[in-house]
Each structure stands twice: as structure tokens, then as C-alpha cells.
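Input: a single structure, listed below in C-alpha cells.
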Amino acid sequence: MGDLQAIVNIGLGFIGYLFIMAKAGGWLASIFLKRWDRRRKLSAKQRAVNDLYDAFELEKIQQGTDLKITTKGNLVIMMYRKGAE
């Protein structure tokens with residue numbers, strides 16, 4: 001009787017462990033898939049704007065100031081943050 005009880009307890013413990021691992025794996029997979037889907041949905045233009053924002057730290061531009069970026073082909077890109085209205 002004691003051996004049967006030990007086998008049942010070990011079996012149920014193993015089934016519980018597998019259930020917990022499956023739920024954790026599903027949770028991690030959903031996180032990665034949501035990030036992938038969000039990244040996939042960004043258009044090429046939006047990705048370029050995001051990269052420009054990060055590369056030139058545009059969040060540091062104060063209100064009422066501007067930033068001019070000159071490219072190799074003499075193209076000038078001007079960023080301006082509006083002042084308080």
C-alpha cells in the first residue's frame with residue numbers, strides 16, 4: 001500500500017510539474033510573439049523616425065529650440081520642438 005501511494009504521489013507531482021512548465025512556456029511564447037508582432041507592424045517610415053529619435057536623442061531638445069542635421073548630399077533636416085502654448 002505504501003509503495004502504491006508513493007508512486008501515485010510521484011506521478012501526480014510529475015504531472016503538476018509538466019502542467020506548470022507548459023503554462024510558463026506558453027506565457028513566454030506569447031510575450032515573444034506579441035513583441036514580434038508589434039515590431040512587424042511598424043512601417044518602414046515609422047522605424048526610420050524611431051531610429052532618428054534614438055540616434056540624435058531628440059527627447060533632450062528643449063522647448064523653443066531646434067536641431068539641424070545635414071546629410072552628405074547637403075540635405076538639411078530640421079527638428080523643432082514647439083514652445084509652451
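Please note that chains go A, B, ... in the order of the C-alpha cells, that every chain numbers its residues from 1, and that ligands are numbered from 1 in the order shown.
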>> Residues of region 14-81 of chain A classed as helix (DSSP H, G or I) by DSSP on the backbone are to be reported as JSON, numbers by chain.
In response: {"A": [14, 15, 16, 17, 18, 19, 20, 21, 22, 23, 24, 25, 26, 27, 28, 29, 30, 31, 32, 33, 34, 35, 36, 37, 38, 39, 40, 41, 44, 45, 46, 47, 48, 49, 50, 51, 52, 53, 54, 55, 58, 59, 60]}
> Where does DSSP see strand (DSSP E) in region 42-83 of chain A, if you list the residues as a ChimeraX atom specification?
Replying inline: /A:66-70,76-80
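Closest approach to Met79 (chain A) from the set A:Arg39, A:Lys34, A:Lys45, A:Lys60 is made by A:Lys60, with distances taken over only C-alpha atoms.
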> Mind pulling up the distance from CA of Arg38 (chain A) to CA of Phe56 (chain A)?
Replying inline: 23.4 Å
Using only C-alpha atoms, which residues sit within 8 Å of Met78 (chain A) once same-chain residues fewer than 4 positions away are excluded, as a CSV table (one decimal) with C-alpha atoms, in the first residue's frame?
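Okay, this is what ended up in part_22.csv:
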chain,number,residue,atom,x,y,z
A,66,ASP,CA,15.7,73.4,-33.0
A,67,LEU,CA,18.2,70.8,-34.3
A,68,LYS,CA,19.6,70.8,-37.8
A,69,ILE,CA,21.0,67.7,-39.4
